[in-house]
Structures are given as structure tokens and as C-alpha cells.
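Source file upload29.csv; content: CSV, C-alpha atoms and all ligand atoms.
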```csv
chain,number,residue,atom,x,y,z
Q,1,MET,CA,0.0,0.0,0.0
Q,2,GLU,CA,1.2,3.6,-0.8
Q,3,ASN,CA,2.6,5.4,2.2
Q,4,ARG,CA,1.0,8.9,2.0
Q,5,ASN,CA,3.4,10.4,4.6
Q,6,ARG,CA,6.5,9.5,2.7
Q,7,VAL,CA,8.6,12.5,1.6
Q,8,ASP,CA,8.9,13.0,-2.2
Q,9,GLU,CA,12.7,13.2,-2.7
Q,10,SER,CA,12.6,13.9,-6.4
Q,11,HIS,CA,13.7,17.5,-5.8
Q,12,LEU,CA,16.3,16.7,-3.1
Q,13,ILE,CA,19.7,17.6,-4.5
Q,14,HIS,CA,23.0,17.6,-2.7
Q,15,ALA,CA,24.2,21.0,-3.6
Q,16,SER,CA,27.8,21.7,-3.0
Q,17,GLN,CA,29.1,24.5,-0.7
Q,18,LEU,CA,29.3,27.8,-2.6
Q,19,ASP,CA,32.5,28.3,-4.4
Q,20,LEU,CA,32.4,31.5,-6.5
Q,21,PRO,CA,34.9,32.8,-9.0
Q,22,PRO,CA,36.6,36.0,-7.9
Q,23,ARG,CA,35.1,38.2,-10.6
Q,24,LEU,CA,36.1,41.8,-11.1
Q,25,LEU,CA,32.8,43.4,-11.9
Q,26,LEU,CA,33.4,46.1,-14.5
Q,27,GLY,CA,30.0,45.9,-16.1
Q,28,PRO,CA,26.8,47.9,-15.5
Q,29,GLY,CA,26.4,46.6,-12.0
Q,30,PRO,CA,26.5,45.1,-9.5
Q,31,SER,CA,30.0,46.3,-8.6
Q,32,ASN,CA,32.3,44.5,-6.2
Q,33,VAL,CA,31.4,45.0,-2.5
Q,34,PRO,CA,34.1,46.3,-0.1
Q,35,PRO,CA,35.0,43.9,2.8
Q,36,ARG,CA,33.6,46.4,5.4
Q,37,VAL,CA,30.2,46.2,3.8
Q,38,LEU,CA,30.4,42.3,3.6
Q,39,GLN,CA,31.3,42.3,7.3
Q,40,ALA,CA,28.3,44.5,8.2
Q,41,LEU,CA,26.0,42.3,6.2
Q,42,ALA,CA,27.1,39.3,8.3
Q,43,MET,CA,26.3,40.9,11.7
Q,44,ASN,CA,23.8,39.4,14.0
Q,45,GLU,CA,20.1,40.0,13.6
Q,46,ILE,CA,18.2,42.5,15.7
Q,47,GLY,CA,14.5,43.2,15.5
Q,48,HIS,CA,13.1,45.7,13.0
Q,49,LEU,CA,11.6,47.8,15.8
Q,50,ASP,CA,14.6,47.4,18.2
Q,51,PRO,CA,15.7,50.9,19.5
Q,52,LYS,CA,19.2,50.1,18.1
Q,53,PHE,CA,17.7,49.4,14.7
Q,54,ILE,CA,15.7,52.6,14.8
Q,55,GLU,CA,18.9,54.5,15.6
Q,56,LEU,CA,20.5,52.9,12.6
Q,57,MET,CA,17.5,53.7,10.4
Q,58,ASN,CA,17.9,57.4,11.3
Q,59,GLU,CA,21.6,57.3,10.4
Q,60,ILE,CA,20.8,55.7,7.0
Q,61,GLN,CA,18.2,58.4,6.3
Q,62,GLU,CA,20.6,61.2,7.2
Q,63,LEU,CA,23.5,59.7,5.2
Q,64,LEU,CA,21.1,59.3,2.2
Q,65,ARG,CA,20.3,63.0,2.5
Q,66,TYR,CA,24.0,63.8,2.4
Q,67,VAL,CA,24.7,61.7,-0.7
Q,68,TRP,CA,21.7,63.0,-2.5
Q,69,GLN,CA,22.3,66.6,-1.3
Q,70,THR,CA,18.7,67.0,-0.1
Q,71,ASP,CA,16.9,68.1,3.0
Q,72,ASN,CA,13.9,66.0,2.1
Q,73,ARG,CA,12.5,64.5,5.4
Q,74,PHE,CA,11.0,61.7,3.4
Q,75,THR,CA,14.2,59.9,2.4
Q,76,ILE,CA,14.3,56.1,3.0
Q,77,PRO,CA,15.7,52.9,1.5
Q,78,VAL,CA,13.0,50.8,-0.2
Q,79,SER,CA,13.1,47.1,0.5
Q,80,GLY,CA,13.8,45.8,-3.0
Q,81,THR,CA,16.1,46.5,-5.9
Q,82,GLY,CA,16.3,49.8,-7.9
Q,83,SER,CA,13.2,48.8,-9.9
Q,84,ALA,CA,11.2,48.7,-6.7
Q,85,SER,CA,12.2,52.2,-5.8
Q,86,MET,CA,11.7,53.3,-9.4
Q,87,GLU,CA,8.2,51.8,-9.3
Q,88,ALA,CA,7.5,53.4,-5.9
Q,89,THR,CA,8.2,56.9,-7.4
Q,90,LEU,CA,5.5,56.4,-10.0
Q,91,ALA,CA,3.1,54.4,-7.9
Q,92,ASN,CA,2.9,57.2,-5.4
Q,93,SER,CA,3.0,60.2,-7.7
Q,94,VAL,CA,0.8,59.1,-10.6
Q,95,GLU,CA,-3.0,59.1,-10.4
Q,96,PRO,CA,-4.9,57.5,-13.3
Q,97,GLY,CA,-5.3,59.9,-16.1
Q,98,ASP,CA,-2.3,62.1,-15.1
Q,99,VAL,CA,-0.2,63.2,-18.1
Q,100,VAL,CA,3.4,61.9,-17.5
Q,101,LEU,CA,6.1,63.1,-19.8
Q,102,ILE,CA,9.2,60.8,-20.0
Q,103,GLY,CA,12.6,61.5,-21.6
Q,104,VAL,CA,13.4,58.4,-23.6
Q,105,ASN,CA,17.0,58.2,-24.7
Q,106,GLY,CA,17.8,54.7,-23.5
Q,107,TYR,CA,16.5,51.5,-22.0
Q,108,PHE,CA,15.5,52.9,-18.6
Q,109,GLY,CA,13.4,55.8,-20.1
Q,110,GLU,CA,11.4,53.0,-21.8
Q,111,ARG,CA,11.0,51.2,-18.5
Q,112,LEU,CA,9.7,54.5,-16.9
Q,113,CYS,CA,7.1,54.7,-19.7
Q,114,ASP,CA,6.1,51.1,-19.1
Q,115,MET,CA,5.8,51.5,-15.4
Q,116,ALA,CA,3.9,54.8,-15.6
Q,117,SER,CA,1.4,53.3,-18.0
Q,118,ARG,CA,0.7,50.4,-15.6
Q,119,TYR,CA,-0.4,53.1,-13.0
Q,120,GLY,CA,-2.8,54.6,-15.4
Q,121,ALA,CA,-0.7,57.5,-16.7
Q,122,ASP,CA,-1.4,59.2,-20.0
Q,123,VAL,CA,2.3,58.7,-21.1
Q,124,ARG,CA,3.9,61.2,-23.5
Q,125,ARG,CA,7.4,60.8,-24.7
Q,126,ILE,CA,10.2,63.1,-25.7
Q,127,GLU,CA,12.8,61.1,-27.5
Q,128,LYS,CA,16.5,61.2,-28.5
Q,129,PRO,CA,18.7,58.7,-30.1
Q,130,TRP,CA,20.4,56.5,-27.5
Q,131,GLY,CA,23.6,58.2,-26.3
Q,132,GLU,CA,22.3,61.8,-26.7
Q,133,VAL,CA,20.9,64.1,-24.0
Q,134,PHE,CA,18.0,66.6,-23.8
Q,135,ALA,CA,18.7,70.4,-24.0
Q,136,PRO,CA,16.7,72.5,-21.5
Q,137,GLU,CA,15.0,74.3,-24.4
Q,138,GLU,CA,13.8,70.9,-25.8
Q,139,ILE,CA,12.4,70.0,-22.3
Q,140,GLY,CA,10.8,73.5,-22.1
Q,141,ASP,CA,9.1,73.0,-25.4
Q,142,ALA,CA,7.8,69.6,-24.4
Q,143,LEU,CA,6.5,70.9,-21.1
Q,144,LYS,CA,4.6,73.6,-22.9
Q,145,ALA,CA,3.1,71.2,-25.4
Q,146,HIS,CA,2.1,68.5,-22.9
Q,147,ARG,CA,1.6,70.3,-19.6
Q,148,PRO,CA,2.4,67.1,-17.7
Q,149,ALA,CA,1.8,66.5,-14.0
Q,150,ILE,CA,5.2,64.7,-13.9
Q,151,LEU,CA,8.4,64.8,-15.9
Q,152,GLY,CA,10.6,61.7,-15.6
Q,153,LEU,CA,14.2,61.8,-16.6
Q,154,VAL,CA,17.1,59.4,-16.2
Q,155,HIS,CA,20.2,61.2,-14.9
Q,156,GLY,CA,22.7,58.4,-15.7
Q,157,GLU,CA,21.5,56.1,-18.5
Q,158,THR,CA,23.2,52.8,-17.9
Q,159,SER,CA,22.3,51.6,-21.3
Q,160,THR,CA,24.0,54.4,-23.2
Q,161,GLY,CA,26.6,55.9,-20.8
Q,162,ALA,CA,25.2,59.4,-21.2
Q,163,MET,CA,24.6,61.8,-18.3
Q,164,GLN,CA,21.7,64.2,-18.6
Q,165,PRO,CA,22.7,67.8,-17.7
Q,166,MET,CA,20.2,69.0,-15.0
Q,167,GLU,CA,20.8,72.7,-14.7
Q,168,GLY,CA,17.6,74.7,-15.4
Q,169,ILE,CA,15.2,71.8,-15.8
Q,170,GLY,CA,13.8,71.9,-12.3
Q,171,LYS,CA,13.0,75.6,-12.6
Q,172,LEU,CA,11.2,75.0,-15.9
Q,173,CYS,CA,9.1,72.2,-14.2
Q,174,ARG,CA,8.1,74.6,-11.4
Q,175,GLU,CA,6.9,77.2,-14.0
Q,176,PHE,CA,4.6,74.6,-15.5
Q,177,GLY,CA,3.5,73.1,-12.1
Q,178,THR,CA,5.2,69.8,-13.1
Q,179,LEU,CA,6.8,67.4,-10.6
Q,180,LEU,CA,10.4,66.4,-11.6
Q,181,LEU,CA,11.2,62.7,-11.1
Q,182,LEU,CA,14.8,61.6,-11.5
Q,183,ASP,CA,16.5,58.2,-11.9
Q,184,THR,CA,19.9,58.5,-10.1
Q,185,VAL,CA,20.7,54.7,-10.0
Q,186,THR,CA,24.0,54.9,-11.8
Q,187,SER,CA,25.0,58.4,-10.8
Q,188,LEU,CA,24.4,58.5,-7.0
Q,189,GLY,CA,27.8,58.4,-5.3
Q,190,GLY,CA,29.7,58.5,-8.6
Q,191,ALA,CA,28.9,61.8,-10.2
Q,192,PRO,CA,27.6,65.2,-8.9
Q,193,VAL,CA,23.9,64.9,-7.8
Q,194,PHE,CA,22.3,68.0,-6.2
Q,195,LEU,CA,18.6,67.1,-5.8
Q,196,ASP,CA,17.6,70.2,-4.0
Q,197,ARG,CA,19.6,72.6,-6.1
Q,198,TRP,CA,18.1,71.0,-9.2
Q,199,HIS,CA,14.6,71.2,-7.7
Q,200,VAL,CA,14.0,67.5,-8.1
Q,201,ASP,CA,10.8,66.5,-6.4
Q,202,ILE,CA,11.1,62.7,-6.3
Q,203,ALA,CA,14.0,60.4,-7.0
Q,204,TYR,CA,15.3,56.9,-6.7
Q,205,SER,CA,18.5,55.0,-6.8
Q,206,GLY,CA,20.1,51.5,-6.4
Q,207,SER,CA,22.6,50.2,-3.9
Q,208,GLN,CA,24.7,48.0,-6.3
Q,209,LYS,CA,26.3,50.6,-8.5
Q,210,CYS,CA,28.4,53.5,-7.1
Q,211,LEU,CA,27.4,52.8,-3.5
Q,212,SER,CA,29.0,49.3,-3.8
Q,213,CYS,CA,26.5,47.5,-1.6
Q,214,PRO,CA,24.8,44.3,-2.9
Q,215,PRO,CA,21.5,44.7,-4.8
Q,216,GLY,CA,18.3,44.4,-2.7
Q,217,ILE,CA,17.8,47.8,-1.1
Q,218,ALA,CA,17.1,51.0,-3.0
Q,219,PRO,CA,17.2,54.7,-1.9
Q,220,PHE,CA,13.9,56.7,-2.4
Q,221,THR,CA,13.2,60.3,-1.7
Q,222,MET,CA,10.4,62.8,-2.1
Q,223,GLY,CA,10.1,66.5,-1.4
Q,224,GLU,CA,7.2,68.5,-0.1
Q,225,ARG,CA,5.5,69.0,-3.5
Q,226,ALA,CA,5.5,65.3,-4.2
Q,227,LEU,CA,4.3,64.6,-0.6
Q,228,GLU,CA,1.5,67.1,-1.1
Q,229,LYS,CA,0.4,65.3,-4.3
Q,230,LEU,CA,0.5,62.0,-2.4
Q,231,ASN,CA,-1.6,63.4,0.5
Q,232,GLU,CA,-4.2,64.8,-1.9
Q,233,ARG,CA,-4.7,61.6,-3.9
Q,234,LYS,CA,-8.3,60.7,-4.8
Q,235,THR,CA,-7.4,57.1,-5.4
Q,236,LYS,CA,-5.3,54.7,-3.2
Q,237,VAL,CA,-1.8,53.9,-4.3
Q,238,ALA,CA,-2.3,50.8,-6.4
Q,239,SER,CA,0.6,48.9,-4.9
Q,240,TRP,CA,0.2,47.9,-1.2
Q,241,TYR,CA,3.9,47.2,-0.7
Q,242,LEU,CA,5.1,50.5,-2.2
Q,243,ASP,CA,2.5,52.8,-0.8
Q,244,MET,CA,4.6,55.5,0.9
Q,245,SER,CA,1.7,56.8,3.0
Q,246,MET,CA,2.0,53.5,4.8
Q,247,VAL,CA,5.7,52.7,4.5
Q,248,GLY,CA,6.4,56.3,5.7
Q,249,LYS,CA,4.8,55.4,9.1
Q,250,TYR,CA,7.5,52.9,9.7
Q,251,TRP,CA,10.4,55.2,8.7
Q,252,GLY,CA,8.7,58.4,10.2
Q,253,LYS,CA,7.7,59.3,13.7
Q,254,GLU,CA,5.1,56.5,14.3
Q,255,ARG,CA,7.5,53.6,13.7
Q,256,THR,CA,4.6,51.3,13.1
Q,257,TYR,CA,5.0,47.9,11.4
Q,258,HIS,CA,4.4,47.8,7.7
Q,259,HIS,CA,6.7,45.0,6.5
Q,260,THR,CA,9.7,43.4,8.1
Q,261,ALA,CA,12.7,45.5,6.9
Q,262,PRO,CA,15.6,43.5,5.4
Q,263,ILE,CA,17.7,44.1,8.5
Q,264,ASN,CA,21.1,43.0,7.2
Q,265,MET,CA,20.7,44.9,3.9
Q,266,ASN,CA,20.2,48.0,6.0
Q,267,TYR,CA,23.4,47.2,7.9
Q,268,GLY,CA,25.2,46.9,4.5
Q,269,LEU,CA,23.8,50.1,3.1
Q,270,ARG,CA,24.7,52.0,6.3
Q,271,GLU,CA,28.3,50.8,6.0
Q,272,ALA,CA,28.4,51.6,2.3
Q,273,LEU,CA,27.1,55.2,3.0
Q,274,ARG,CA,29.6,55.6,5.9
Q,275,ILE,CA,32.4,54.8,3.4
Q,276,VAL,CA,31.0,57.5,1.0
Q,277,ALA,CA,30.9,60.0,3.8
Q,278,GLU,CA,34.4,59.2,5.0
Q,279,GLU,CA,35.8,59.7,1.5
Q,280,GLY,CA,33.7,62.8,0.9
Q,281,LEU,CA,31.4,63.4,-2.0
Q,282,GLU,CA,33.6,65.8,-4.0
Q,283,GLU,CA,36.6,63.5,-3.6
Q,284,ARG,CA,34.5,60.5,-4.7
Q,285,TRP,CA,33.2,62.3,-7.8
Q,286,GLU,CA,36.7,63.4,-8.7
Q,287,ARG,CA,38.0,59.9,-8.3
Q,288,HIS,CA,35.3,58.5,-10.7
Q,289,LYS,CA,36.1,61.2,-13.2
Q,290,SER,CA,39.8,60.7,-13.2
Q,291,ASN,CA,39.6,56.9,-13.5
Q,292,ALA,CA,37.0,57.4,-16.3
Q,293,ASN,CA,39.5,59.7,-18.1
Q,294,LEU,CA,42.2,57.1,-17.7
Q,295,LEU,CA,39.9,54.6,-19.3
Q,296,TYR,CA,39.1,56.9,-22.3
Q,297,GLU,CA,42.8,57.5,-22.9
Q,298,GLY,CA,43.7,53.8,-22.7
Q,299,LEU,CA,40.8,52.9,-25.0
Q,300,GLU,CA,41.9,55.5,-27.5
Q,301,GLU,CA,45.4,53.9,-27.5
Q,302,LEU,CA,43.8,50.6,-28.4
Q,303,GLY,CA,42.0,52.3,-31.3
Q,304,ILE,CA,38.6,52.2,-29.5
Q,305,GLY,CA,36.4,55.2,-29.4
Q,306,CYS,CA,33.5,56.1,-27.1
Q,307,HIS,CA,29.8,56.3,-28.1
Q,308,VAL,CA,29.0,59.4,-26.1
Q,309,PRO,CA,30.6,62.8,-26.7
Q,310,LYS,CA,33.0,63.6,-23.9
Q,311,GLU,CA,31.0,66.4,-22.3
Q,312,HIS,CA,28.0,64.1,-21.8
Q,313,ARG,CA,29.8,61.0,-20.5
Q,314,LEU,CA,28.7,59.3,-17.3
Q,315,PRO,CA,31.9,58.7,-15.4
Q,316,SER,CA,30.6,55.4,-13.8
Q,317,LEU,CA,29.6,53.8,-17.1
Q,318,THR,CA,31.4,54.0,-20.5
Q,319,THR,CA,30.0,52.7,-23.8
Q,320,ALA,CA,33.1,51.7,-25.8
Q,321,LEU,CA,32.6,51.3,-29.5
Q,322,VAL,CA,33.3,47.8,-30.8
Q,323,PRO,CA,35.8,48.2,-33.7
Q,324,ASP,CA,34.6,47.1,-37.1
Q,325,GLY,CA,34.9,43.3,-37.7
Q,326,VAL,CA,35.4,42.5,-34.0
Q,327,ASP,CA,33.1,39.9,-32.4
Q,328,SER,CA,32.0,41.8,-29.2
Q,329,LYS,CA,30.8,38.6,-27.4
Q,330,ALA,CA,34.0,36.7,-28.1
Q,331,VAL,CA,36.0,39.5,-26.5
Q,332,SER,CA,33.8,39.8,-23.4
Q,333,GLY,CA,33.7,36.0,-23.1
Q,334,TYR,CA,37.6,35.9,-23.2
Q,335,LEU,CA,37.8,38.6,-20.5
Q,336,LEU,CA,35.6,36.5,-18.3
Q,337,ARG,CA,37.2,33.2,-18.9
Q,338,LYS,CA,40.9,34.3,-18.9
Q,339,PHE,CA,40.8,37.2,-16.5
Q,340,ASN,CA,37.6,36.8,-14.4
Q,341,ILE,CA,36.6,40.3,-15.6
Q,342,GLU,CA,33.0,41.1,-16.3
Q,343,ILE,CA,32.1,43.7,-18.9
Q,344,ALA,CA,28.7,43.9,-20.6
Q,345,ALA,CA,27.2,44.0,-24.1
Q,346,GLY,CA,25.2,46.8,-25.5
Q,347,LEU,CA,21.4,46.8,-25.2
Q,348,GLY,CA,18.6,47.7,-27.6
Q,349,GLN,CA,19.8,50.3,-30.2
Q,350,LEU,CA,23.4,49.7,-29.1
Q,351,ALA,CA,23.3,45.8,-29.2
Q,352,GLY,CA,26.5,44.5,-30.8
Q,353,LYS,CA,27.8,48.1,-31.2
Q,354,VAL,CA,29.3,48.8,-27.8
Q,355,TRP,CA,30.7,47.2,-24.6
Q,356,ARG,CA,29.5,48.7,-21.4
Q,357,ILE,CA,32.3,49.2,-19.0
Q,358,GLY,CA,31.5,50.2,-15.4
Q,359,LEU,CA,33.9,51.9,-13.0
Q,360,MET,CA,31.6,52.1,-10.0
Q,361,GLY,CA,32.3,53.0,-6.3
Q,362,TYR,CA,34.8,50.6,-4.9
Q,363,ASN,CA,35.8,49.4,-8.4
Q,364,SER,CA,36.7,52.8,-9.7
Q,365,ARG,CA,40.5,52.5,-9.3
Q,366,PRO,CA,43.5,53.0,-11.6
Q,367,GLU,CA,44.7,49.4,-11.1
Q,368,ASN,CA,41.4,48.1,-12.4
Q,369,VAL,CA,41.5,50.3,-15.4
Q,370,ASN,CA,45.1,49.2,-16.2
Q,371,LEU,CA,44.2,45.6,-15.7
Q,372,LEU,CA,41.2,45.8,-18.0
Q,373,LEU,CA,43.1,47.7,-20.7
Q,374,SER,CA,45.8,45.0,-20.9
Q,375,ALA,CA,43.3,42.2,-20.8
Q,376,LEU,CA,41.3,43.9,-23.5
Q,377,LYS,CA,44.5,44.3,-25.6
Q,378,GLN,CA,45.2,40.6,-25.3
Q,379,ALA,CA,41.6,39.6,-26.0
Q,380,LEU,CA,41.5,41.8,-29.2
Q,381,GLU,CA,44.8,40.2,-30.4
Q,382,THR,CA,43.5,36.6,-29.6
Q,383,VAL,CA,39.8,36.5,-30.4
Q,384,GLY,CA,39.0,40.0,-31.8
M,1,LIG,N1,17.6,52.6,-13.5
M,1,LIG,C1,18.8,52.5,-14.0
M,1,LIG,C2,19.4,53.6,-14.7
M,1,LIG,C3,19.5,51.3,-13.9
M,1,LIG,O1,20.8,51.1,-14.4
M,1,LIG,C4,18.9,50.2,-13.3
M,1,LIG,C5,19.6,48.9,-13.1
M,1,LIG,O2,20.6,48.6,-13.8
M,1,LIG,C6,17.6,50.3,-12.8
M,1,LIG,C7,17.0,51.5,-12.9
M,1,LIG,C8,16.9,49.2,-12.1
M,1,LIG,O3,17.5,48.7,-11.0
M,1,LIG,P1,17.5,47.2,-10.5
M,1,LIG,O4,18.1,46.4,-11.7
M,1,LIG,O5,18.4,47.2,-9.3
M,1,LIG,O6,16.1,46.8,-10.2
```

Take the structure in the file and give it back as C-alpha cells.
Amino acid sequence: MENRNRVDESHLIHASQLDLPPRLLLGPGPSNVPPRVLQALAMNEIGHLDPKFIELMNEIQELLRYVWQTDNRFTIPVSGTGSASMEATLANSVEPGDVVLIGVNGYFGERLCDMASRYGADVRRIEKPWGEVFAPEEIGDALKAHRPAILGLVHGETSTGAMQPMEGIGKLCREFGTLLLLDTVTSLGGAPVFLDRWHVDIAYSGSQKCLSCPPGIAPFTMGERALEKLNERKTKVASWYLDMSMVGKYWGKERTYHHTAPINMNYGLREALRIVAEEGLEERWERHKSNANLLYEGLEELGIGCHVPKEHRLPSLTTALVPDGVDSKAVSGYLLRKFNIEIAAGLGQLAGKVWRIGLMGYNSRPENVNLLLSALKQALETVG
């Protein structure tokens, strides 16, 4: 007779202990994580309402205000990856029928359009070829034509390596009564970001790029204008998990339970932010810039150009043009196999045309640039 209590062992595998290759992550993220952050992640668990954890939450919020250069009281890490925080900005600011204008000059602009439409926005697009940026006059004209409730822009487009100049755009948005929403996933901690000076109303970021913390926790901030729109909503935020009117009660004065915070990810983020603060923002931006310059020079010596004009390059992510006749995948495969170095292929309009090389946070160092350049030279000679 069949024994109904017998355990089905068909999925029982004997997985080996983790043994990971020592990769040098010079792609679009994640970047390598400094030992101090890894140690913080491994510290003992405390409760998510423990007074010590609350102290730590306050420190994270204050350090996030520093890296973002904002006084926004509503500044928190979302429990999730950058896309969760990205979705939170739209879920909380968009009401069905709102006109939302998105700057689309790369993959993440497209994602903003997709997310906004899922929250019922009337999405309008202002477009540029991948690798180009928007001029303030172009933004001004689009604001005039569409009168949007929200303008969404990507500051550092990881798919193209272009950095959107922000001077003047926030002021234009104020003139048209538009909220300015900004993606700072690949720029935060690696390039100048001045949220308040730029009049940004709502922004998000990720942990795994220039902050050099593992993915899984994602900075989010909103200013008073965005909060006002949230408080005056006629409809509930369509996502329970990302509803900031509820999440805010955990991170604000009330400290009431919403969901269990990912405790150790918060330890990790706190340590990563402490490292940024110790180095100092200006020093950190300068380091990213000088290592990016070293990369551009070395690429040029190898006969490799960059897709983005120098004045609009994102220091943390470079799109290097694949020379004619070179098999881009064979080269990146060689770097991974022979050198344990990860770089990435181009996406969308740039598929097969560029390699995406990241020099983010902990990984933005001259020795990494030099190692990559000599490995790339060998790869081009061998499999290029
Ligand atoms: N925005 C930009 C510019 C990104 O580069 C990324 C990730 O690469 C995201 C948003 C989404 O973040 P995540 O992949 O952590 O969900």
C-alpha cells in the first residue's frame, strides 16, 4: 500500500558548498562590494523595531540626504532593488489619467514609460537617439506642449553611458506646475547629484552601483511638493507594498510595522554610506572622473572610441565602441574566462555596437582600469 506520509525526494539535490569565482565586476552593476560592507551584512540580527535598529534607520536616512544633497525629510531605503524604488516613485506620484512626460533616450526611459502606463498615466514621450541628452529648451518646449503632471528623466543612462545635464530643468518644471522625477541609479555616489539645487521632487537609486552595496535595497526620496500630491490623492496607491503613505509610518515618527525591513541589507547600506561619507562626495566624484579619463585614454590607444561625446559621458559607465569586424561577445567571453573580468554587451539600439564598462564605487581604481586595458588588448589580439 502507498505510504501517504512518505517525503517525495525527487527535488532533493545535494548542492555543494558555494565556491564562487573571484570576478572583477566592470559591467553595468553590481560592482564589487568592499570587505567592510560584507562584514556589516554578516552581523547578528536584531529586531526591526529594536531601538538600536531605529537609531541605525535614522543614520541611514541622514546619510542618504547627504549623498543626494537634499533636505527631504521623506528619504528612505525601499526594501527591494532599484526597480522597486523606481516603481515606488511612479506608484505614489501618478494618479490614473495624469499626463506623465518621459525623456526616452535609453532603456531605462522606456522602463519608466512602461511602469507609468501600468499606474494609469497618459504617457507622453520626448525622444532622442540612445547616447544623446536633452537640451533645456527641448524640455521646455515639451513641457509647454504636454503640460504634464510629472516629468521623468534618467540622470545616468546605464544603457548608453550618457549623463543628462540637470541645470535649469527643475526651474522649468516649477513654471509649469510639473513634478520632476529623476533616476539616479547609476550616478548616485559616482557623479555630482544635487537634488535640492536642481529642484528634483522625487528620486530613486540603487545600492549596487556607485554605492558598492549588494542589490536588494534602494534609496527613495520625495520632497514637499511630491508629498502634497500623495496626500491629496483621490485614489489609493495601487501597490500595497510600495504605498509610501503606509511605508512612511515605519520610517517616520510613528514607527509602526508595515513589512519586516531587510535588516542586514540595511546594515550593509549603512556601512556603504559611511564609506562614501568618509571619502567625501567631492573626492569621490573626482576619483570617478579621473579613472574614467584614464579609461578613455587607454581605449583610444587601443583604437577604441566612445559612443557618447566627452562632455556628456557618465563617469561610472562607459560605452566603448566595438571596432569594425570585432566579435564583441568573443571579447567579453575571453575577459571573463581568462581574467575573471565582467564587462557587458550593448542593449537595444546599441546591441553589438558597444561594450558597457562600469567603474563604480569601490571598483573605480586606476589598477582596475590598467588591468582591464591590458586584458582587452590581449583579447583583441587573440579573439577579436
Ligand atoms: N535605472 C537604471 C538607470 C539602472 O541602471 C537600473 C539597473 O541597472 C535600474 C533603474 C533598475 O535597478 P535594478 O536592476 O536594481 O532593479

**OP:** Write out as a ChimeraX atom specification which residues come within 10 Å of Val383 (chain Q) when counting all atoms listed in the file, dropping same-chain ones fewer than 5 positions away.
**Re:** /Q:326-334,378

**OP:** Point out the residue among Q:Leu211, Q:Thr81, Q:His258, Q:Glu55 with the least atom-to-atom distance to Met244 (chain Q), counting all atoms listed in the file.
**Re:** Q:His258

**OP:** May I ask for the distance between CA of His312 (chain Q) and CA of Ala135 (chain Q), given in Å to one decimal place?
**Re:** 11.4 Å

Original post:
In Å, how far is it from CA of Asp324 (chain Q) to CA of Arg356 (chain Q)?
Top reply: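 Computed distance, CA of Asp324 (chain Q) to CA of Arg356 (chain Q), equals 16.6 Å.
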
**OP:** Quick one: pull the distance between CA of Glu137 (chain Q) and CA of Arg124 (chain Q), Å, one decimal.
**Re:**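 Pair CA of Glu137 (chain Q) / CA of Arg124 (chain Q) returns 17.2 Å.
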
List every residue of chain Q that has an atom at most 7 Å from any atom of ligand LIG 1 (chain M), giving for each one its closest atom pair and the distance in Å to one decimal, counting all atoms listed in the file, sorted by chain and then by ascending residue number, as a Markdown table.
```
| residue | atom | partner | partner_atom | distance |
| --- | --- | --- | --- | --- |
| Q:Pro28 | CA | M:LIG1 | O2 | 6.5 |
| Q:Gly29 | CA | M:LIG1 | O2 | 6.4 |
| Q:Thr81 | CA | M:LIG1 | O5 | 4.2 |
| Q:Gly82 | CA | M:LIG1 | O3 | 3.5 |
| Q:Ser83 | CA | M:LIG1 | O6 | 3.5 |
| Q:Ala84 | CA | M:LIG1 | O6 | 6.3 |
| Q:Met86 | CA | M:LIG1 | C7 | 6.6 |
| Q:Phe108 | CA | M:LIG1 | N1 | 5.5 |
| Q:Val154 | CA | M:LIG1 | C2 | 6.4 |
| Q:Gly156 | CA | M:LIG1 | C2 | 5.9 |
| Q:Glu157 | CA | M:LIG1 | C2 | 5.0 |
| Q:Thr158 | CA | M:LIG1 | O1 | 4.6 |
| Q:Asp183 | CA | M:LIG1 | N1 | 5.9 |
| Q:Thr184 | CA | M:LIG1 | C2 | 6.7 |
| Q:Val185 | CA | M:LIG1 | C1 | 4.9 |
| Q:Thr186 | CA | M:LIG1 | C2 | 5.6 |
| Q:Gly206 | CA | M:LIG1 | O5 | 5.5 |
| Q:Pro215 | CA | M:LIG1 | O5 | 6.0 |
```

Original post:
Neighbours of Ala226 (chain Q) within 7 Å (only C-alpha atoms; same-chain residues fewer than 6 positions away dropped), as a ChimeraX atom specification?
Top reply: /Q:93,179,201-202

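The nearest approach to Phe176 (chain Q) among the residues Q:Asp196, Q:Glu87, Q:Glu59, Q:Asp141, with all atoms listed in the file taken into account, belongs to Q:Asp141.
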